[in-house]
file data05.txt (compact mmCIF, C-alpha atoms and all ligand atoms)
# COMPACT_ATOMS: atom_id res chain seq x y z
CA MET G 1 5.43 1.15 21.69
CA ASN G 2 8.74 2.73 21.09
CA VAL G 3 9.19 4.77 17.92
CA LEU G 4 12.19 6.49 16.43
CA ILE G 5 11.29 9.32 14.07
CA VAL G 6 14.04 10.03 11.55
CA GLU G 7 13.23 13.24 9.74
CA ASP G 8 15.39 16.26 8.94
CA GLU G 9 12.41 18.61 8.70
CA ILE G 10 12.41 19.47 12.37
CA SER G 11 8.90 20.91 12.50
CA LEU G 12 7.44 17.84 10.78
CA ALA G 13 9.39 15.52 13.08
CA LYS G 14 8.03 17.33 16.11
CA GLU G 15 4.52 17.34 14.77
CA ILE G 16 4.64 13.58 14.23
CA ALA G 17 6.13 13.08 17.69
CA SER G 18 3.50 15.10 19.48
CA PHE G 19 0.74 13.30 17.62
CA LEU G 20 2.14 9.86 18.38
CA LYS G 21 2.73 10.80 22.02
CA SER G 22 -0.94 11.73 22.27
CA GLU G 23 -1.61 8.17 21.05
CA ASN G 24 0.57 6.78 23.84
CA PHE G 25 3.68 5.99 21.84
CA LEU G 26 7.13 6.60 23.19
CA CYS G 27 8.96 8.80 20.72
CA ASP G 28 12.57 9.48 20.07
CA LEU G 29 13.77 11.93 17.42
CA ALA G 30 16.72 11.93 15.06
CA PHE G 31 17.17 14.90 12.71
CA THR G 32 20.12 13.42 10.85
CA GLY G 33 21.05 10.01 9.54
CA ASN G 34 24.10 9.84 11.77
CA GLU G 35 22.02 10.55 14.83
CA ALA G 36 19.56 7.87 13.75
CA SER G 37 22.33 5.37 13.13
CA GLU G 38 23.71 5.88 16.63
CA LYS G 39 20.29 5.59 18.23
CA ILE G 40 19.36 2.44 16.35
CA ALA G 41 22.63 0.86 17.43
CA VAL G 42 21.96 1.35 21.14
CA ASN G 43 18.18 1.45 21.57
CA LEU G 44 15.45 -1.07 20.93
CA TYR G 45 12.67 0.40 18.83
CA ASP G 46 9.46 -1.23 17.75
CA PHE G 47 9.20 1.15 14.81
CA VAL G 48 11.41 3.46 12.88
CA LEU G 49 9.71 6.09 10.75
CA LEU G 50 12.34 6.85 8.21
CA ASP G 51 12.40 9.78 5.84
CA LEU G 52 14.54 8.65 2.93
CA GLY G 53 15.42 12.22 1.99
CA LEU G 54 18.15 12.90 4.54
CA PRO G 55 20.98 15.33 3.76
CA ASP G 56 23.78 13.33 5.36
CA TYR G 57 22.80 9.74 4.84
CA ASP G 58 21.19 7.36 2.42
CA GLY G 59 18.12 6.32 4.37
CA LEU G 60 18.27 2.88 2.80
CA ASP G 61 21.66 2.36 4.45
CA LEU G 62 19.96 2.78 7.80
CA ILE G 63 17.67 -0.14 7.03
CA ARG G 64 20.66 -2.21 5.97
CA GLU G 65 22.55 -1.35 9.12
CA ALA G 66 19.58 -2.17 11.32
CA CYS G 67 19.22 -5.56 9.63
CA GLU G 68 22.90 -6.28 10.14
CA LEU G 69 22.52 -5.40 13.81
CA GLY G 70 19.62 -7.84 14.04
CA SER G 71 17.28 -5.00 15.01
CA GLU G 72 13.67 -6.03 15.56
CA ALA G 73 12.41 -2.61 14.52
CA SER G 74 9.81 -2.35 11.78
CA PHE G 75 10.61 0.36 9.28
CA ILE G 76 7.98 2.60 7.79
CA VAL G 77 9.60 4.54 5.00
CA ILE G 78 8.55 8.09 4.17
CA THR G 79 9.36 9.20 0.66
CA ALA G 80 8.83 12.24 -1.47
CA ARG G 81 5.90 11.89 -3.81
CA GLY G 82 6.82 9.89 -6.88
CA ALA G 83 10.07 8.38 -5.61
CA VAL G 84 9.03 4.91 -6.74
CA GLU G 85 12.49 3.53 -7.00
CA ASP G 86 13.34 4.40 -3.43
CA LYS G 87 10.15 2.85 -2.28
CA VAL G 88 10.79 -0.40 -4.09
CA LYS G 89 14.35 -0.55 -2.81
CA GLY G 90 13.19 0.15 0.71
CA LEU G 91 10.64 -2.62 0.57
CA ASP G 92 13.18 -5.01 -0.90
CA LEU G 93 15.47 -4.23 1.99
CA GLY G 94 12.78 -5.19 4.44
CA ALA G 95 10.85 -2.01 5.13
CA ASP G 96 7.36 -2.91 6.32
CA ASP G 97 5.40 -0.13 4.70
CA TYR G 98 5.85 3.22 3.10
CA LEU G 99 4.06 6.54 3.02
CA ALA G 100 4.38 9.24 0.39
CA LYS G 101 4.57 12.86 1.50
CA PRO G 102 2.39 14.65 2.23
CA PHE G 103 0.42 12.29 4.44
CA ALA G 104 -2.20 12.67 7.13
CA LEU G 105 -1.14 11.80 10.65
CA VAL G 106 -4.14 9.52 11.09
CA GLU G 107 -2.98 7.63 8.01
CA LEU G 108 0.43 7.21 9.58
CA LEU G 109 -1.22 5.88 12.72
CA SER G 110 -3.29 3.37 10.81
CA ARG G 111 -0.15 2.14 9.02
CA ILE G 112 1.68 1.71 12.30
CA ASN G 113 -1.26 -0.18 13.73
CA ALA G 114 -1.48 -2.43 10.68
CA VAL G 115 2.22 -3.25 10.88
CA ALA G 116 1.86 -3.84 14.62
CA ARG G 117 -0.94 -6.31 14.06
CA ARG G 118 1.24 -8.24 11.65
CA LYS G 119 4.30 -7.91 13.82
CA PHE G 120 2.74 -8.88 17.12
CA ASN G 121 0.57 -11.41 15.47
CA ILE G 122 -3.04 -11.89 16.26
CA VAL G 123 -3.55 -15.49 17.23
CA SER G 124 -5.32 -17.57 14.66
CA PRO G 125 -5.55 -21.32 14.14
CA ASP G 126 -3.83 -23.33 11.44
CA ILE G 127 -5.57 -23.21 8.09
CA VAL G 128 -5.67 -26.25 5.81
CA LEU G 129 -5.22 -25.57 2.09
CA GLY G 130 -5.15 -28.85 0.18
CA ASP G 131 -1.81 -30.46 1.00
CA PHE G 132 -0.63 -27.30 2.72
CA ILE G 133 -1.14 -25.91 6.19
CA MET G 134 -0.82 -22.22 6.90
CA LYS G 135 0.46 -21.80 10.43
CA ALA G 136 -0.54 -18.22 11.01
CA GLN G 137 0.97 -17.93 14.45
CA ALA G 138 4.39 -19.07 13.28
CA ARG G 139 3.87 -17.25 9.96
CA LYS G 140 4.76 -20.39 8.06
CA LEU G 141 3.34 -22.40 5.22
CA VAL G 142 4.10 -26.11 5.52
CA CYS G 143 3.52 -29.13 3.30
CA ASN G 144 4.01 -32.64 4.71
CA GLU G 145 5.74 -31.02 7.66
CA LYS G 146 8.26 -29.28 5.45
CA GLU G 147 8.29 -25.51 5.41
CA VAL G 148 7.75 -23.77 2.08
CA ASP G 149 10.47 -21.16 1.88
CA LEU G 150 8.50 -17.94 1.31
CA THR G 151 9.62 -14.35 1.64
CA LYS G 152 7.77 -12.15 4.09
CA LYS G 153 5.87 -10.43 1.29
CA GLU G 154 4.92 -13.72 -0.36
CA TYR G 155 3.63 -15.01 2.93
CA ASP G 156 1.68 -11.80 3.60
CA LEU G 157 0.17 -11.90 0.15
CA LEU G 158 -0.96 -15.49 0.55
CA HIS G 159 -2.19 -14.86 4.08
CA TYR G 160 -4.33 -11.97 2.92
CA LEU G 161 -5.84 -14.11 0.16
CA VAL G 162 -6.48 -16.89 2.67
CA LEU G 163 -8.13 -14.49 5.11
CA ASN G 164 -10.44 -13.52 2.24
CA ARG G 165 -10.96 -17.10 1.16
CA GLY G 166 -13.56 -17.52 -1.56
CA LYS G 167 -13.39 -13.84 -2.54
CA VAL G 168 -11.61 -12.51 -5.59
CA LEU G 169 -9.09 -9.82 -4.71
CA THR G 170 -7.88 -7.42 -7.36
CA ARG G 171 -4.20 -6.80 -7.93
CA GLN G 172 -4.64 -3.31 -6.60
CA GLN G 173 -6.29 -4.54 -3.40
CA LEU G 174 -3.48 -6.97 -2.87
CA TYR G 175 -0.89 -4.34 -3.62
CA GLU G 176 -2.41 -1.84 -1.22
CA HIS G 177 -2.67 -4.36 1.54
CA ILE G 178 0.92 -5.48 1.27
CA TRP G 179 2.63 -2.28 0.21
CA GLY G 180 0.23 0.38 1.40
CA ASN G 181 -1.59 3.16 -0.37
CA ILE G 182 -0.29 4.07 -3.73
CA LEU G 183 -0.58 6.86 -6.18
CA ASP G 184 -1.98 5.94 -9.56
CA ASP G 185 1.25 6.71 -11.34
CA GLN G 186 3.16 4.39 -9.04
CA TYR G 187 0.92 1.38 -9.38
CA ASP G 188 2.42 -1.52 -11.26
CA SER G 189 0.15 -4.56 -11.52
CA ASN G 190 3.14 -6.70 -12.52
CA PHE G 191 4.35 -6.53 -8.97
CA ILE G 192 1.58 -8.82 -7.76
CA ASP G 193 1.80 -11.17 -10.74
CA VAL G 194 5.50 -11.69 -10.14
CA HIS G 195 4.92 -12.47 -6.49
CA ILE G 196 2.09 -14.90 -7.25
CA LYS G 197 4.25 -16.61 -9.83
CA ASN G 198 7.04 -17.05 -7.31
CA LEU G 199 4.60 -18.28 -4.70
CA ARG G 200 3.23 -20.92 -7.05
CA ARG G 201 6.67 -22.03 -8.14
CA LYS G 202 7.74 -22.50 -4.53
CA MET G 203 4.57 -24.34 -3.55
CA ASN G 204 4.68 -26.58 -6.61
CA GLN G 205 8.07 -27.84 -5.49
CA HIS G 206 6.17 -29.45 -2.60
CA ALA G 207 2.72 -30.25 -4.02
CA PRO G 208 0.19 -28.86 -6.48
CA ALA G 209 -1.75 -25.88 -5.17
CA PRO G 210 -4.79 -25.60 -7.45
CA TRP G 211 -6.66 -23.73 -4.73
CA LEU G 212 -4.72 -20.57 -5.56
CA GLU G 213 -6.70 -19.42 -8.58
CA THR G 214 -6.19 -16.73 -11.17
CA VAL G 215 -9.44 -15.01 -12.03
CA ARG G 216 -8.92 -13.77 -15.53
CA GLY G 217 -9.16 -10.02 -15.91
CA VAL G 218 -9.79 -9.49 -12.20
CA GLY G 219 -7.20 -10.86 -9.83
CA TYR G 220 -6.65 -13.83 -7.56
CA ARG G 221 -8.62 -16.02 -5.20
CA VAL G 222 -8.01 -18.82 -2.76
CA SER G 223 -10.92 -21.21 -3.34
CA ASP G 224 -12.90 -22.20 -0.29
CA GLU G 225 -13.47 -25.81 -1.26
CA CA Z 1 13.76 15.12 4.25
call {"tool": "encode", "arguments": {"input": "data05.txt", "output": "structure tokens"}}
result
Amino acid sequence: MNVLIVEDEISLAKEIASFLKSENFLCDLAFTGNEASEKIAVNLYDFVLLDLGLPDYDGLDLIREACELGSEASFIVITARGAVEDKVKGLDLGADDYLAKPFALVELLSRINAVARRKFNIVSPDIVLGDFIMKAQARKLVCNEKEVDLTKKEYDLLHYLVLNRGKVLTRQQLYEHIWGNILDDQYDSNFIDVHIKNLRRKMNQHAPAPWLETVRGVGYRVSDE
């Protein structure tokens, strides 16, 4: 897989590159936002590791630009510890995951692998949920052959609940699966509630979805009946 590392701390960038090369990734480096912007415009990357703290560029603009170019690259955003706002903005813009500095290289690798699994989709059969069918391969939820218009995060959230069918998942578990590891001071349980609420609203426009249950004081569950 082809990775662009965008990081102005040259020694850190090189350290990440040599680690990822040892794991058989192809690595390209950009030490400035401008360099990154040029490279993203002409190369096809599977992943972009993006440090948001760049001296010459708002890292979030790079994500925007890549989207406008129709880039297929998955972004993993690297932020300074505590930069919650940046993280949320990055995820809203379509970043696939984020890591707070400092992080362990093995953690980075496991994030990349997790995103890759989602991105390159492990084949699984359609799953029937009441009146709905989750088409995991197409990453779609349909009801009476009409697609329910879910965002990527809503779909991922539902998919994770479905994969754990019958089990109650806490808000924190859901959060960490979808948005990655978090620091205690960054965790906001409302995030999940808002997404579940939106999910339900969208599904209810098609049919009732009583199988998506709230477990009071704990979290959420997709019932296995
Ligand atoms: Ca930096």
call {"tool": "residues_near_point", "arguments": {"input": "data05.txt", "point": "(4.0, -25.4, -0.9)", "cutoff": "10 Å", "atoms": "all atoms listed in the file", "output": "MDAnalysis selection string"}}
result
chainID G and resid 129:134 141:144 146:150 199:209
call {"tool": "closest_residue", "arguments": {"input": "data05.txt", "among": "G:Asp56, G:Glu38, G:Asp92, G:Glu225", "to": "G:Leu69", "atoms": "all atoms listed in the file"}}
result
G:Glu38
call {"tool": "closest_atom_pairs", "arguments": {"input": "data05.txt", "of": "chain G", "to": "ligand CA 1 (chain Z)", "cutoff": "7 Å", "atoms": "all atoms listed in the file", "output": "JSON lines"}}
result
{"residue": "G:Glu7", "atom": "CA", "partner": "Z:CA1", "partner_atom": "CA", "distance": 5.8}
{"residue": "G:Asp8", "atom": "CA", "partner": "Z:CA1", "partner_atom": "CA", "distance": 5.1}
{"residue": "G:Glu9", "atom": "CA", "partner": "Z:CA1", "partner_atom": "CA", "distance": 5.8}
{"residue": "G:Asp51", "atom": "CA", "partner": "Z:CA1", "partner_atom": "CA", "distance": 5.7}
{"residue": "G:Leu52", "atom": "CA", "partner": "Z:CA1", "partner_atom": "CA", "distance": 6.6}
{"residue": "G:Gly53", "atom": "CA", "partner": "Z:CA1", "partner_atom": "CA", "distance": 4.0}
{"residue": "G:Leu54", "atom": "CA", "partner": "Z:CA1", "partner_atom": "CA", "distance": 4.9}
call {"tool": "residues_around", "arguments": {"input": "data05.txt", "residues": "G:Gly70", "least_positions_apart": "5", "cutoff": "12 Å", "atoms": "all atoms listed in the file", "output": "list in words"}}
result
Ile40, Ala41, Val42, Leu44, Tyr45, Ile63, Arg64 and Glu65 of chain G
call {"tool": "atom_distance", "arguments": {"input": "data05.txt", "atom1": "atom CA of G:Lys153", "atom2": "atom CA of G:Leu26"}}
result
27.8 Å
call {"tool": "closest_residue", "arguments": {"input": "data05.txt", "among": "G:Ser74, G:Thr79, G:Val218, G:Glu213", "to": "G:Gln172", "atoms": "only C-alpha atoms"}}
result
G:Val218
call {"tool": "atom_distance", "arguments": {"input": "data05.txt", "atom1": "atom CA of G:Ser71", "atom2": "atom CA of G:His177"}}
result
24.1 Å
call {"tool": "residues_around", "arguments": {"input": "data05.txt", "residues": "stretch 15-19 of chain G", "least_positions_apart": "5", "cutoff": "8 Å", "atoms": "all atoms listed in the file", "output": "ChimeraX atom specification"}}
result
/G:5,27-29,105
call {"tool": "residues_around", "arguments": {"input": "data05.txt", "residues": "G:Leu108", "least_positions_apart": "6", "cutoff": "10 Å", "atoms": "all atoms listed in the file", "output": "short mmCIF file (atom, residue, chain, number, x, y, z; two decimals) with C-alpha atoms, keeping the file's coordinate frame"}}
result
data_model
loop_
_atom_site.label_atom_id
_atom_site.label_comp_id
_atom_site.auth_asym_id
_atom_site.auth_seq_id
_atom_site.Cartn_x
_atom_site.Cartn_y
_atom_site.Cartn_z
CA ILE G 16 4.64 13.58 14.23
CA LEU G 20 2.14 9.86 18.38
CA LEU G 49 9.71 6.09 10.75
CA ILE G 76 7.98 2.60 7.79
CA ILE G 78 8.55 8.09 4.17
CA TYR G 98 5.85 3.22 3.10
CA LEU G 99 4.06 6.54 3.02
CA ALA G 114 -1.48 -2.43 10.68
#
